[in-house]
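K.L.:
Mind having a look at this structure? Questions to follow.
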Amino acid sequence: MQSPQSTVLSIDGLVKDVGPLPALDGKMLRVVGGLSLVAERGKVTALLGANGAGKTTTIECAQGLQKRTGGTISLLGQDPDAADAGLRSRVGVMLQDGGLPPSARPIPLLRHIAGMYRDPWALDELIQRLGIDTFSRTSVRRLSGGQKQRLALAAALVGRPEALFLDEPSAGLDPQSRNIVFELITELRSAGMGIILTTHLMDDAQRLADYVYIIDAGRNVAEGTVAQLLQRNVSPDPSQPHIRTLLFEARPGLDFTGVFPAGIDVRESRAGSYSVTGALSPEDLAALTAWWAARGIMPGSLSLEARSLEDVFLDISGRDIR
């Protein structure tokens, strides 16, 4: 159980309606319905969900940028809907759309923001760390998507916040920038900052998050550490293996009936390319190699992939396009 001192954000039964909407005959649309979560200091808490799942609405309500319809929210011990400037100065916000003035240039903008805080981050360090000096002469409107993301992160960090909200932080980043941003997030977590991020990128959540809430249709449908979620829908016996995928290339048209026990799915995705998915055991692999040996089959390639957070998400949220 979290102590009040360790909790940066607590949401209980959040409800957010929008409208009335003509498309719904003047009715309200419920975009978040009864969502609850807790985020702690020194941890990265991830809200994972498809586009339109309600992640951004949730964190905007948590920051007081949108008025909630129902439920309770405590941000650093205060209700954000009634917060004063003192609370705002303790919270850093990086929104997906940036919210940056288009005509501003990066460094003067950061200096202006820094002037609003008593003890801002050393700007030269932040600018160099995020590579902002490489595009300092370019106005915000002419920056690339990744450059805007790095500038928005710097703006969120200038005030040395206790709680940091990141909405899709790696959107538009090239691999080098992504690594820089992820390293910085890891350092901030180690320094005790409470970080709440939203993403629809499973790799981001799997790499960064200490605790994950999977959001679907405005409600949290699963939660846990990455390790706990990877065990979801697997045998409760911890000695049993995770669901895995075995990939191999062999001659096309093979029939694997009777090779694997029930619950193991074998598919030929294209001619000669096979995937075997399920709670694979060492005995299953031995049976497959024996079956190959009996038929004189040498696979052209062979790889074993552990179950990923994306597999868990698709199991929970479904695989159909919405």
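Identifiers for the structure tokens are assigned positionally: chains receive A, B, ... in sequence, residues are indexed from 1 per chain, and ligands are indexed from 1 in the order shown.
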Write out as a list in words which residues come within 7 Å of Ala104 (chain A) when counting only C-alpha atoms, dropping same-chain ones fewer than 4 positions away.

P.N.:
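Non-adjacent residues within range: Leu109, Ser139 and Val140 of chain A.
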
K.L.:
Save the residues we just selected, N, CA and C atoms, as a compact mmCIF listing (two decimals), in the first residue's frame?

P.N.:
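See selection.txt below for the written result:
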```txt
# COMPACT_ATOMS: atom_id res chain seq x y z
N LEU A 109 12.44 31.03 -25.66
CA LEU A 109 11.24 30.46 -25.05
C LEU A 109 11.57 29.79 -23.72
N SER A 139 12.36 28.72 -35.73
CA SER A 139 11.12 28.98 -35.00
C SER A 139 10.38 27.67 -34.78
N VAL A 140 9.52 27.66 -33.78
CA VAL A 140 8.80 26.44 -33.42
C VAL A 140 8.01 25.89 -34.60
```

K.L.:
Quick one: residues within 10 Å of Trp121 (chain A), only C-alpha atoms, excluding same-chain residues fewer than 3 positions away - as a PyMOL selection string?

P.N.:
chain A and resi 114+117-118+124-126+154+157-161

K.L.:
Restricted to C-alpha atoms, what would the selected residues look like written as a PDB file, in the first residue's frame?

P.N.:
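Dumped to part_34.pdb:
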```pdb
ATOM      1  CA  ALA A 114      12.685  29.469 -16.593  1.00  0.00           C
ATOM      2  CA  TYR A 117      10.463  29.532 -11.378  1.00  0.00           C
ATOM      3  CA  ARG A 118      12.505  30.188  -8.248  1.00  0.00           C
ATOM      4  CA  ASP A 124      22.710  25.343 -20.665  1.00  0.00           C
ATOM      5  CA  GLU A 125      22.768  21.796 -19.314  1.00  0.00           C
ATOM      6  CA  LEU A 126      19.196  21.057 -20.400  1.00  0.00           C
ATOM      7  CA  ALA A 154      12.717  20.712 -21.945  1.00  0.00           C
ATOM      8  CA  LEU A 157      11.457  20.026 -17.039  1.00  0.00           C
ATOM      9  CA  VAL A 158      12.675  23.618 -16.632  1.00  0.00           C
ATOM     10  CA  GLY A 159      10.930  24.067 -13.287  1.00  0.00           C
ATOM     11  CA  ARG A 160      12.357  20.870 -11.735  1.00  0.00           C
ATOM     12  CA  PRO A 161       8.906  19.331 -11.199  1.00  0.00           C
TER      13      PRO A 161
END
```

K.L.:
Taking only C-alpha atoms into account, name the residue in A:Lys148, A:Arg141, A:Lys43, A:Arg90 that is nearest to Tyr211 (chain A).

P.N.:
A:Lys43

K.L.:
Using only C-alpha atoms, determine which residues lie at most 12 Å from Trp291 (chain A), disregarding the query and same-chain residues fewer than 4 positions distant; provide the list as a list in words.

P.N.:
Leu254, Asp255, Phe256, Thr257, Gly258, Val259, Phe260, Asp284, Leu285, Ala286, Ala287, Arg295, Gly296, Ile297, Met298 and Pro299 of chain A

K.L.:
Write out as a ChimeraX atom specification all residues of region 24-210 of chain A that DSSP puts in strand (DSSP E) for this structure's backbone.

P.N.:
/A:27-40,44-48,70-75,91-94,163-167,194-199

K.L.:
With C-alpha atoms retained, write the just-selected residues as a PDB file, in the first residue's frame.

P.N.:
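Heads up, here's the output in result_28.pdb:
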```
ATOM      1  CA  LYS A  27     -26.484  13.125 -26.121  1.00  0.00           C
ATOM      2  CA  MET A  28     -23.256  13.222 -24.130  1.00  0.00           C
ATOM      3  CA  LEU A  29     -20.319  10.988 -25.050  1.00  0.00           C
ATOM      4  CA  ARG A  30     -18.538   9.274 -22.167  1.00  0.00           C
ATOM      5  CA  VAL A  31     -14.845   9.186 -23.035  1.00  0.00           C
ATOM      6  CA  VAL A  32     -13.632   8.050 -19.593  1.00  0.00           C
ATOM      7  CA  GLY A  33     -15.831   5.865 -17.436  1.00  0.00           C
ATOM      8  CA  GLY A  34     -14.780   4.970 -13.898  1.00  0.00           C
ATOM      9  CA  LEU A  35     -11.003   4.865 -14.330  1.00  0.00           C
ATOM     10  CA  SER A  36      -8.743   4.550 -11.270  1.00  0.00           C
ATOM     11  CA  LEU A  37      -4.967   4.570 -10.879  1.00  0.00           C
ATOM     12  CA  VAL A  38      -2.098   5.484  -8.549  1.00  0.00           C
ATOM     13  CA  ALA A  39       1.341   6.850  -9.496  1.00  0.00           C
ATOM     14  CA  GLU A  40       4.282   6.999  -7.090  1.00  0.00           C
ATOM     15  CA  VAL A  44       7.321   5.527 -14.176  1.00  0.00           C
ATOM     16  CA  THR A  45       3.604   4.791 -14.411  1.00  0.00           C
ATOM     17  CA  ALA A  46       2.407   4.106 -17.955  1.00  0.00           C
ATOM     18  CA  LEU A  47      -1.095   4.407 -19.377  1.00  0.00           C
ATOM     19  CA  LEU A  48      -1.113   2.052 -22.342  1.00  0.00           C
ATOM     20  CA  GLY A  70     -17.133  12.649 -11.749  1.00  0.00           C
ATOM     21  CA  GLY A  71     -14.659  10.846  -9.517  1.00  0.00           C
ATOM     22  CA  THR A  72     -11.836  12.188  -7.382  1.00  0.00           C
ATOM     23  CA  ILE A  73      -8.283  13.226  -8.244  1.00  0.00           C
ATOM     24  CA  SER A  74      -5.395  14.058  -5.925  1.00  0.00           C
ATOM     25  CA  LEU A  75      -2.256  15.499  -7.525  1.00  0.00           C
ATOM     26  CA  VAL A  91       4.128  19.784 -12.055  1.00  0.00           C
ATOM     27  CA  GLY A  92       5.718  19.411 -15.487  1.00  0.00           C
ATOM     28  CA  VAL A  93       3.513  18.779 -18.504  1.00  0.00           C
ATOM     29  CA  MET A  94       4.483  17.641 -21.990  1.00  0.00           C
ATOM     30  CA  ALA A 163       5.484  15.133 -10.987  1.00  0.00           C
ATOM     31  CA  LEU A 164       6.021  14.901 -14.739  1.00  0.00           C
ATOM     32  CA  PHE A 165       3.288  14.117 -17.290  1.00  0.00           C
ATOM     33  CA  LEU A 166       4.466  12.868 -20.690  1.00  0.00           C
ATOM     34  CA  ASP A 167       1.868  12.350 -23.420  1.00  0.00           C
ATOM     35  CA  GLY A 194       7.085  10.670 -10.253  1.00  0.00           C
ATOM     36  CA  ILE A 195       6.538  10.210 -14.001  1.00  0.00           C
ATOM     37  CA  ILE A 196       3.202   9.478 -15.654  1.00  0.00           C
ATOM     38  CA  LEU A 197       3.333   8.737 -19.357  1.00  0.00           C
ATOM     39  CA  THR A 198       0.828   7.723 -21.969  1.00  0.00           C
ATOM     40  CA  THR A 199       1.729   5.700 -25.017  1.00  0.00           C
TER      41      THR A 199
END
```

K.L.:
Looking at only C-alpha atoms, which of A:Leu95, A:Ala209, A:Val181, A:Arg219 is the one that sits closest to Asp12 (chain A)?

P.N.:
A:Arg219
